[in-house]
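Scroll down for the structure; my scribbles are underneath it.
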Amino acid sequence: MPPARHRRPRAVHSLLAGASALVIGLGGLVLAGGTGAHAADTDLIVNGGFETGNLSGWTCSSGTVQRTTVHSGTYALQSTPAGSDTGECTQTVPVKPSSAYTLSSWVQGSYVYLGARGTGGTDPSTWTPGAGGWTQLTASFTTGPNTTSVTVYLHGWYGQPAFAADDVSLLGPGGPQPSPSPTATATSTASPSPTATPTDSGTPTPTSTGKPPDLPKHILTGYWQNFDNGATVQRISDVPAAYDIIAVSFADATATRGGLSFTLDPALSSRLGGYTDAQFKADIAAKRAAGKRVVLSIGGQNGTVWVGDSASAATFTSTAWALMQSYGFDGIDIDLENGISSTYMGQALHALAAKAGSGFILTMAPQTIDMQSTGMEYFKLALNVKDILTIVNMQYYNSGAMNGCDGNVYSQGTENFLTALACIQLKGGLRPDQVGLGVPASTSAAGGGYLAAGTVNNALDCLASGTNCGSYKPDTTWPGIGGAMTWSTNWDAKAGNPVAGTIGSHLHAMP
């Protein structure tokens with residue numbers, strides 16, 4: 001979100017001219033160099049050099065084995081991404097719990113990714129933007145206490161040329177042997193849905209399905225500011241009825257890691273003539289009675305809530321649940337912009353959903369850079385909690401240019417930016433109803449990326465039905481597209497409510 005009280009304007013992400021600006025934080029990963037493997041470790045990858053002359057041991061969406069471009073030996077993998085396919089190849093490998101592993105592969109081509117899913121810890125992902133020759137990618141990880149297998153993957157990027165891979169290796173102690181892996185055959189899929197995602201252990205199975213049936217098919221979400229920054233000050237009761245989900249911004253971090261608290265801003269309360277906790281809670285109850293949902297947003301630009309181990313995850317769950325019970329919140333919104341753990345935040349959210357039950361609402365507002373690849377930690381979190389996730393309203397602003405799912409670079413503040421970036425999430429494993437378009441309510445609400453309400457409606461139509469598209473038109477449609485979000489209801493009111501009036505009306509009229 002743009003700055004709240006005591007928040008400075010967010011720096012704009014920029015791209016190198018004419019090139020992709022995918023800037024990925026790769027904590028714990030290294031490129032070519034030391035592997036950290038021990039002499040006693042064994043290579044667990046089957047057919048890592050593809051010297052069988054086929055894809056034995058691998059499952060690929062579009063891969064083949066060829067002998068024209070190899071790193072060593074006679075054969076190497078070649079896979080060709082498409083507009084709707086990253087050309088992914090995977091292999092599931094037995095491993096031992098609580099053990100260290102080093103994954104590596106030699107690759108050639110543009111935007112080639114190497115990683116592992118389902119490690120039970122921080123899943124590794126690394127990539128190369130491209131080189132004329134062979135480049136070695138290397139990543140290390142430690143399995144969780146209950147992990148007995150991981151899925152290793154290699155893939156390219158949408159619309160990019162074919163890539164090659166050879167000498168794939170996973171060094172570490174071998175795990176229990178599963179039943180023999182069948183020989184893989186190249187099969188084409190309409191969209192590259194990720195395979196395994198990090199699994200949480202020891203958390204109850206939630207009863208929520210992510211979206212209560214009484215919410216409309218296409219949802220309008222708005223952030224309500226618990227501070228005064230020049231936008232129209234509002235009580236919760238002042239938020240227009242067009243908003244189906246209201247995200248109260250923001251919770252505060254406590255001195256205990258993972259801990260949350262919330263206090264109505266005294267300055268805002270004064271501006272509103274003495275807005276009390278009792279009135280605030282009554283307004284939330286009234287919105288809920290009218291069929292709306294109110295959630296507590298966690299984060300903001302400078303919000304730093306750390307959930308990086310089991311203890312902090314448990315604290316997050318207990319304090320979030322206490323605030324939900326105290327104020328009547330239906331759930332929470334994750335708007336953390338300073339790092340996130342898909343594993344431990346996933347544990348916390350699943351435990352919270354189990355406490356809340358079927359009415360639980362979970363929304364997210366990642367930055368564009370956080371959702372460029374399924375290897376990004378935020379994207380991994382969304383996939384990890386897909387069973388309880390209501391909607392992801394990525395912030396299509398304060399971003400600069402970014403990659404679209406066709407491999408081209410698009411500038412913010414355009415319809416193409418909305419449709420081409422939404423396509424990444426839609427083809428990356430989220431359900432259509434879990435993908436929303438987050439836009440600023442006015443030019444005052446963000447440093448860049450504002451679009452007129454009519455342009456946002458065109459983007460929604462393009463994604464849902466293939467109509468009113470800009471120069472970029474996706475190769476498929478998603479009639480169940482989730483909706484839209486704005487920062488904020490306050491800036492919307494200041495501008496005359498174009499989001500509530502124009503985008504909200506359009507969303508609720510969409511089939």
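Ordered as shown in the structure tokens, chains take letters A, B, and onward, while each chain numbers its residues from 1 and ligands are numbered from 1 in the order shown.
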Against segment 286-294 of chain A, which residues of segment 323-403 of chain A fall within 8 Å? For each one I want the closest pair of atoms and the distance in Å (one decimal), counting only C-alpha atoms, rows by chain and increasing residue number, as CSV.
residue,atom,partner,partner_atom,distance
A:Phe329,CA,A:Val294,CA,5.4
A:Asp330,CA,A:Val294,CA,5.6
A:Gly331,CA,A:Val294,CA,7.3
A:Ile361,CA,A:Arg293,CA,7.8
Close residues, segment 370-384 of chain A itself excluded, 7 Å, only C-alpha atoms, min 6 positions apart in chain, as a ChimeraX atom specification: /A:125,197-198,340-342,346,424,428-430
What's the 10 Å shell around segment 490-501 of chain A, counting only C-alpha atoms, without same-chain residues fewer than 2 positions away, as a PDB file with N, CA and C atoms, in the first residue's frame?
ATOM      1  N   LEU A 220     -15.356  -6.473  -5.002  1.00  0.00           N
ATOM      2  CA  LEU A 220     -14.648  -5.200  -4.888  1.00  0.00           C
ATOM      3  C   LEU A 220     -14.127  -5.068  -3.462  1.00  0.00           C
ATOM      4  N   THR A 221     -12.816  -4.902  -3.346  1.00  0.00           N
ATOM      5  CA  THR A 221     -12.151  -4.739  -2.053  1.00  0.00           C
ATOM      6  C   THR A 221     -11.613  -3.321  -1.942  1.00  0.00           C
ATOM      7  N   GLY A 222     -11.741  -2.718  -0.769  1.00  0.00           N
ATOM      8  CA  GLY A 222     -11.191  -1.388  -0.538  1.00  0.00           C
ATOM      9  C   GLY A 222     -10.488  -1.313   0.803  1.00  0.00           C
ATOM     10  N   TYR A 223      -9.346  -0.643   0.835  1.00  0.00           N
ATOM     11  CA  TYR A 223      -8.618  -0.430   2.089  1.00  0.00           C
ATOM     12  C   TYR A 223      -9.135   0.821   2.773  1.00  0.00           C
ATOM     13  N   TRP A 224      -9.425   0.682   4.065  1.00  0.00           N
ATOM     14  CA  TRP A 224      -9.887   1.804   4.896  1.00  0.00           C
ATOM     15  C   TRP A 224      -8.723   2.261   5.760  1.00  0.00           C
ATOM     16  N   GLN A 225      -8.440   3.553   5.723  1.00  0.00           N
ATOM     17  CA  GLN A 225      -7.263   4.094   6.397  1.00  0.00           C
ATOM     18  C   GLN A 225      -7.543   4.446   7.849  1.00  0.00           C
ATOM     19  N   ASN A 226      -6.808   3.813   8.734  1.00  0.00           N
ATOM     20  CA  ASN A 226      -6.879   4.120  10.158  1.00  0.00           C
ATOM     21  C   ASN A 226      -5.876   5.228  10.487  1.00  0.00           C
ATOM     22  N   ASP A 228      -5.006   9.720   9.126  1.00  0.00           N
ATOM     23  CA  ASP A 228      -5.379  10.873   8.298  1.00  0.00           C
ATOM     24  C   ASP A 228      -4.145  11.326   7.524  1.00  0.00           C
ATOM     25  N   ASN A 229      -4.194  11.181   6.196  1.00  0.00           N
ATOM     26  CA  ASN A 229      -3.070  11.613   5.367  1.00  0.00           C
ATOM     27  C   ASN A 229      -3.487  12.544   4.233  1.00  0.00           C
ATOM     28  N   GLY A 230      -4.618  13.210   4.409  1.00  0.00           N
ATOM     29  CA  GLY A 230      -5.102  14.141   3.394  1.00  0.00           C
ATOM     30  C   GLY A 230      -6.263  13.620   2.586  1.00  0.00           C
ATOM     31  N   ALA A 231      -6.509  12.309   2.640  1.00  0.00           N
ATOM     32  CA  ALA A 231      -7.692  11.751   1.993  1.00  0.00           C
ATOM     33  C   ALA A 231      -8.908  12.009   2.883  1.00  0.00           C
ATOM     34  N   THR A 232     -10.075  11.729   2.376  1.00  0.00           N
ATOM     35  CA  THR A 232     -11.302  11.906   3.157  1.00  0.00           C
ATOM     36  C   THR A 232     -11.294  10.956   4.356  1.00  0.00           C
ATOM     37  N   VAL A 233     -11.476  11.491   5.549  1.00  0.00           N
ATOM     38  CA  VAL A 233     -11.546  10.624   6.724  1.00  0.00           C
ATOM     39  C   VAL A 233     -12.927   9.981   6.773  1.00  0.00           C
ATOM     40  N   GLN A 234     -12.966   8.739   7.193  1.00  0.00           N
ATOM     41  CA  GLN A 234     -14.210   7.977   7.187  1.00  0.00           C
ATOM     42  C   GLN A 234     -14.353   7.132   8.439  1.00  0.00           C
ATOM     43  N   ARG A 235     -15.593   6.935   8.843  1.00  0.00           N
ATOM     44  CA  ARG A 235     -15.943   5.837   9.723  1.00  0.00           C
ATOM     45  C   ARG A 235     -16.162   4.603   8.837  1.00  0.00           C
ATOM     46  N   ASP A 238     -19.142   4.865   6.759  1.00  0.00           N
ATOM     47  CA  ASP A 238     -19.119   5.774   5.605  1.00  0.00           C
ATOM     48  C   ASP A 238     -18.669   5.087   4.323  1.00  0.00           C
ATOM     49  N   VAL A 239     -18.097   3.899   4.419  1.00  0.00           N
ATOM     50  CA  VAL A 239     -17.601   3.195   3.232  1.00  0.00           C
ATOM     51  C   VAL A 239     -18.791   2.772   2.376  1.00  0.00           C
ATOM     52  N   PRO A 240     -18.805   3.110   1.082  1.00  0.00           N
ATOM     53  CA  PRO A 240     -19.949   2.793   0.219  1.00  0.00           C
ATOM     54  C   PRO A 240     -20.264   1.303   0.177  1.00  0.00           C
ATOM     55  N   ALA A 241     -21.537   1.004  -0.055  1.00  0.00           N
ATOM     56  CA  ALA A 241     -21.997  -0.385  -0.072  1.00  0.00           C
ATOM     57  C   ALA A 241     -21.424  -1.179  -1.235  1.00  0.00           C
ATOM     58  N   ALA A 242     -20.847  -0.512  -2.231  1.00  0.00           N
ATOM     59  CA  ALA A 242     -20.258  -1.227  -3.364  1.00  0.00           C
ATOM     60  C   ALA A 242     -19.072  -2.079  -2.938  1.00  0.00           C
ATOM     61  N   TYR A 243     -18.442  -1.745  -1.827  1.00  0.00           N
ATOM     62  CA  TYR A 243     -17.280  -2.506  -1.356  1.00  0.00           C
ATOM     63  C   TYR A 243     -17.734  -3.768  -0.630  1.00  0.00           C
ATOM     64  N   VAL A 439      -5.688  -1.454  -7.797  1.00  0.00           N
ATOM     65  CA  VAL A 439      -5.396  -0.186  -8.471  1.00  0.00           C
ATOM     66  C   VAL A 439      -5.547   0.981  -7.497  1.00  0.00           C
ATOM     67  N   PRO A 440      -4.818   2.080  -7.712  1.00  0.00           N
ATOM     68  CA  PRO A 440      -5.006   3.268  -6.872  1.00  0.00           C
ATOM     69  C   PRO A 440      -6.302   3.987  -7.238  1.00  0.00           C
ATOM     70  N   ALA A 441      -6.938   4.582  -6.230  1.00  0.00           N
ATOM     71  CA  ALA A 441      -8.219   5.248  -6.464  1.00  0.00           C
ATOM     72  C   ALA A 441      -8.065   6.577  -7.197  1.00  0.00           C
ATOM     73  N   SER A 442      -6.884   7.180  -7.115  1.00  0.00           N
ATOM     74  CA  SER A 442      -6.649   8.464  -7.771  1.00  0.00           C
ATOM     75  C   SER A 442      -5.150   8.647  -7.939  1.00  0.00           C
ATOM     76  N   THR A 443      -4.762   9.696  -8.633  1.00  0.00           N
ATOM     77  CA  THR A 443      -3.336   9.986  -8.802  1.00  0.00           C
ATOM     78  C   THR A 443      -2.679  10.340  -7.478  1.00  0.00           C
ATOM     79  N   SER A 444      -3.457  10.771  -6.498  1.00  0.00           N
ATOM     80  CA  SER A 444      -2.914  11.106  -5.178  1.00  0.00           C
ATOM     81  C   SER A 444      -2.673   9.875  -4.320  1.00  0.00           C
ATOM     82  N   ALA A 445      -3.243   8.749  -4.720  1.00  0.00           N
ATOM     83  CA  ALA A 445      -3.204   7.556  -3.877  1.00  0.00           C
ATOM     84  C   ALA A 445      -1.941   6.731  -4.059  1.00  0.00           C
ATOM     85  N   ALA A 446      -1.152   6.999  -5.100  1.00  0.00           N
ATOM     86  CA  ALA A 446       0.053   6.218  -5.361  1.00  0.00           C
ATOM     87  C   ALA A 446       1.047   7.066  -6.122  1.00  0.00           C
ATOM     88  N   ALA A 452      -7.682   5.175 -15.236  1.00  0.00           N
ATOM     89  CA  ALA A 452      -9.076   5.573 -15.143  1.00  0.00           C
ATOM     90  C   ALA A 452      -9.947   4.345 -14.912  1.00  0.00           C
ATOM     91  N   ALA A 453     -11.063   4.537 -14.225  1.00  0.00           N
ATOM     92  CA  ALA A 453     -11.941   3.420 -13.887  1.00  0.00           C
ATOM     93  C   ALA A 453     -12.396   2.658 -15.124  1.00  0.00           C
ATOM     94  N   GLY A 454     -12.646   3.370 -16.216  1.00  0.00           N
ATOM     95  CA  GLY A 454     -13.081   2.705 -17.442  1.00  0.00           C
ATOM     96  C   GLY A 454     -12.022   1.770 -18.000  1.00  0.00           C
ATOM     97  N   VAL A 456      -9.791   0.131 -16.171  1.00  0.00           N
ATOM     98  CA  VAL A 456      -9.814  -1.049 -15.300  1.00  0.00           C
ATOM     99  C   VAL A 456     -10.963  -1.973 -15.705  1.00  0.00           C
ATOM    100  N   ALA A 484     -11.620  -6.652  -8.186  1.00  0.00           N
ATOM    101  CA  ALA A 484     -10.682  -5.530  -8.149  1.00  0.00           C
ATOM    102  C   ALA A 484     -10.561  -5.031  -6.719  1.00  0.00           C
ATOM    103  N   MET A 485      -9.486  -4.311  -6.483  1.00  0.00           N
ATOM    104  CA  MET A 485      -9.209  -3.708  -5.179  1.00  0.00           C
ATOM    105  C   MET A 485      -8.717  -2.289  -5.397  1.00  0.00           C
ATOM    106  N   THR A 486      -8.922  -1.428  -4.411  1.00  0.00           N
ATOM    107  CA  THR A 486      -8.341  -0.094  -4.510  1.00  0.00           C
ATOM    108  C   THR A 486      -7.733   0.356  -3.197  1.00  0.00           C
ATOM    109  N   TRP A 487      -6.652   1.076  -3.320  1.00  0.00           N
ATOM    110  CA  TRP A 487      -6.113   1.885  -2.239  1.00  0.00           C
ATOM    111  C   TRP A 487      -6.501   3.319  -2.558  1.00  0.00           C
ATOM    112  N   SER A 488      -7.420   3.853  -1.802  1.00  0.00           N
ATOM    113  CA  SER A 488      -8.142   3.325  -0.673  1.00  0.00           C
ATOM    114  C   SER A 488      -9.573   3.839  -0.774  1.00  0.00           C
ATOM    115  N   ILE A 503     -16.226   1.095 -11.146  1.00  0.00           N
ATOM    116  CA  ILE A 503     -15.682  -0.263 -11.138  1.00  0.00           C
ATOM    117  C   ILE A 503     -16.592  -1.197 -10.359  1.00  0.00           C
ATOM    118  N   GLY A 504     -17.089  -0.742  -9.208  1.00  0.00           N
ATOM    119  CA  GLY A 504     -17.984  -1.582  -8.419  1.00  0.00           C
ATOM    120  C   GLY A 504     -19.225  -1.966  -9.177  1.00  0.00           C
ATOM    121  N   SER A 505     -19.844  -1.002  -9.845  1.00  0.00           N
ATOM    122  CA  SER A 505     -21.060  -1.298 -10.609  1.00  0.00           C
ATOM    123  C   SER A 505     -20.774  -2.274 -11.733  1.00  0.00           C
ATOM    124  N   HIS A 506     -19.631  -2.104 -12.387  1.00  0.00           N
ATOM    125  CA  HIS A 506     -19.272  -2.992 -13.496  1.00  0.00           C
ATOM    126  C   HIS A 506     -19.021  -4.413 -13.007  1.00  0.00           C
ATOM    127  N   LEU A 507     -18.281  -4.535 -11.911  1.00  0.00           N
ATOM    128  CA  LEU A 507     -18.012  -5.862 -11.358  1.00  0.00           C
ATOM    129  C   LEU A 507     -19.299  -6.603 -11.023  1.00  0.00           C
TER     130      LEU A 507
END
Using the chain letters and numbers from this document, which residues of segment 262-315 of chain A does DSSP assign to alpha helix (DSSP H), as an MDAnalysis selection string? chainID A and resid 266:271 277:289 310:315
Could you take the residues named above and write them with N, CA and C atoms, as a compact mmCIF listing (two decimals), in the first residue's frame?
# COMPACT_ATOMS: atom_id res chain seq x y z
N PRO A 266 -5.76 7.83 17.39
CA PRO A 266 -6.39 8.92 18.16
C PRO A 266 -6.64 10.17 17.32
N ALA A 267 -5.71 10.50 16.41
CA ALA A 267 -5.90 11.69 15.58
C ALA A 267 -7.10 11.51 14.64
N LEU A 268 -7.24 10.31 14.09
CA LEU A 268 -8.39 10.03 13.23
C LEU A 268 -9.68 10.10 14.04
N SER A 269 -9.66 9.50 15.20
CA SER A 269 -10.84 9.52 16.06
C SER A 269 -11.28 10.94 16.36
N SER A 270 -10.29 11.80 16.62
CA SER A 270 -10.60 13.20 16.90
C SER A 270 -11.20 13.89 15.68
N ARG A 271 -10.62 13.64 14.49
CA ARG A 271 -11.13 14.23 13.26
C ARG A 271 -12.58 13.82 13.00
N ASP A 277 -13.99 2.94 20.13
CA ASP A 277 -13.87 1.51 19.85
C ASP A 277 -15.26 0.88 19.72
N ALA A 278 -16.16 1.27 20.60
CA ALA A 278 -17.51 0.70 20.57
C ALA A 278 -18.22 1.04 19.26
N GLN A 279 -18.07 2.29 18.78
CA GLN A 279 -18.69 2.67 17.51
C GLN A 279 -18.05 1.93 16.34
N PHE A 280 -16.73 1.80 16.40
CA PHE A 280 -15.99 1.09 15.36
C PHE A 280 -16.48 -0.36 15.27
N LYS A 281 -16.59 -1.02 16.42
CA LYS A 281 -17.06 -2.41 16.43
C LYS A 281 -18.50 -2.52 15.96
N ALA A 282 -19.33 -1.56 16.34
CA ALA A 282 -20.73 -1.57 15.90
C ALA A 282 -20.82 -1.37 14.39
N ASP A 283 -19.96 -0.53 13.83
CA ASP A 283 -19.96 -0.32 12.38
C ASP A 283 -19.53 -1.58 11.63
N ILE A 284 -18.55 -2.29 12.19
CA ILE A 284 -18.14 -3.56 11.59
C ILE A 284 -19.29 -4.55 11.61
N ALA A 285 -19.97 -4.64 12.75
CA ALA A 285 -21.10 -5.57 12.87
C ALA A 285 -22.20 -5.22 11.87
N ALA A 286 -22.43 -3.93 11.65
CA ALA A 286 -23.47 -3.51 10.71
C ALA A 286 -23.10 -3.87 9.28
N LYS A 287 -21.83 -3.70 8.93
CA LYS A 287 -21.39 -4.09 7.59
C LYS A 287 -21.55 -5.59 7.38
N ARG A 288 -21.20 -6.36 8.39
CA ARG A 288 -21.33 -7.81 8.28
C ARG A 288 -22.80 -8.21 8.15
N ALA A 289 -23.66 -7.52 8.88
CA ALA A 289 -25.10 -7.81 8.79
C ALA A 289 -25.64 -7.49 7.40
N SER A 310 8.34 -21.63 14.02
CA SER A 310 7.08 -22.16 14.55
C SER A 310 6.54 -21.33 15.71
N ALA A 311 7.44 -20.81 16.54
CA ALA A 311 7.00 -20.01 17.69
C ALA A 311 6.32 -18.73 17.24
N SER A 312 6.93 -18.02 16.28
CA SER A 312 6.33 -16.77 15.81
C SER A 312 5.04 -17.04 15.04
N ALA A 313 4.97 -18.18 14.34
CA ALA A 313 3.74 -18.55 13.64
C ALA A 313 2.60 -18.75 14.64
N ALA A 314 2.90 -19.42 15.76
CA ALA A 314 1.87 -19.65 16.78
C ALA A 314 1.43 -18.35 17.41
N THR A 315 2.40 -17.43 17.64
CA THR A 315 2.05 -16.12 18.20
C THR A 315 1.18 -15.33 17.23
Under the rule of at most 7 Å, produce a per-residue listing of segment 118-173 of chain A near segment 49-66 of chain A: chain, number, name, the closest pair of atoms, and the distance in Å, as CSV, using only C-alpha atoms.
residue,atom,partner,partner_atom,distance
A:Asp166,CA,A:Gly49,CA,5.3
A:Asp167,CA,A:Gly49,CA,4.3
A:Val168,CA,A:Gly49,CA,6.3
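Residue nearest Tyr410 of chain A within the list A:Gln434, A:Asn393, A:Asn457, A:Thr368: A:Thr368 [criterion: smallest interatomic distance, only C-alpha atoms].
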Taking the chain letters and numbering used in this document, name the residues of segment 27-177 of chain A that DSSP puts in strand (DSSP E or B), as a VMD selection string. chain A and resid 29 to 31 42 to 43 56 59 to 60 63 to 66 76 to 79 82 85 89 to 95 100 to 108 112 to 117 125 to 128 135 to 142 149 to 155 163 to 172 174
Option closest in space to Asp85 of chain A, from A:Arg257, A:Asp406, A:Gly339, A:Leu323 [counting only C-alpha atoms]: A:Asp406
Quick one, how far is atom CA of Thr42 of chain A from atom CA of Gly175 of chain A? 10.7 Å
Can you pull out the residues contacting Thr68 of chain A? Cut-off 12 Å, using only C-alpha atoms, and skip same-chain residues under 5 positions away; I want them as number ranges by chain. A: 73-78, 164
Just write the chosen residues, N, CA, C and O atoms, as an mmCIF file, in the first residue's frame.
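Dumped to selection.cif:
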data_model
loop_
_atom_site.group_PDB
_atom_site.id
_atom_site.type_symbol
_atom_site.label_atom_id
_atom_site.label_comp_id
_atom_site.auth_asym_id
_atom_site.auth_seq_id
_atom_site.Cartn_x
_atom_site.Cartn_y
_atom_site.Cartn_z
ATOM 1 N N GLY A 73 28.714 -35.504 -22.046
ATOM 2 C CA GLY A 73 28.099 -36.728 -22.526
ATOM 3 C C GLY A 73 27.526 -36.572 -23.925
ATOM 4 O O GLY A 73 27.976 -35.752 -24.730
ATOM 5 N N THR A 74 26.466 -37.343 -24.184
ATOM 6 C CA THR A 74 25.881 -37.390 -25.525
ATOM 7 C C THR A 74 24.563 -36.656 -25.639
ATOM 8 O O THR A 74 24.223 -36.131 -26.689
ATOM 9 N N TYR A 75 23.796 -36.598 -24.524
ATOM 10 C CA TYR A 75 22.438 -36.047 -24.587
ATOM 11 C C TYR A 75 22.250 -34.931 -23.563
ATOM 12 O O TYR A 75 22.984 -34.829 -22.573
ATOM 13 N N ALA A 76 21.215 -34.118 -23.803
ATOM 14 C CA ALA A 76 20.797 -33.085 -22.859
ATOM 15 C C ALA A 76 19.308 -32.829 -23.075
ATOM 16 O O ALA A 76 18.738 -33.179 -24.118
ATOM 17 N N LEU A 77 18.688 -32.224 -22.092
ATOM 18 C CA LEU A 77 17.273 -31.863 -22.178
ATOM 19 C C LEU A 77 17.105 -30.613 -23.029
ATOM 20 O O LEU A 77 17.907 -29.668 -22.948
ATOM 21 N N GLN A 78 16.051 -30.567 -23.810
ATOM 22 C CA GLN A 78 15.609 -29.330 -24.447
ATOM 23 C C GLN A 78 14.117 -29.203 -24.231
ATOM 24 O O GLN A 78 13.374 -30.165 -24.417
ATOM 25 N N ALA A 164 18.013 -25.351 -22.745
ATOM 26 C CA ALA A 164 18.632 -26.674 -22.574
ATOM 27 C C ALA A 164 19.093 -26.831 -21.129
ATOM 28 O O ALA A 164 19.395 -25.845 -20.446
#
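Residues in contact with segment 144-146 of chain A at 8 Å, where only C-alpha atoms are counted and same-chain residues fewer than 3 positions away are skipped, are listed as Pro97, Ser98, Ser99, Thr119, Gly120, Gly121 and Ser201 of chain A.
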Could you tell me how far atom CA of Val385 of chain A lies from atom CA of Gln347 of chain A, in Å and to one decimal? 8.9 Å
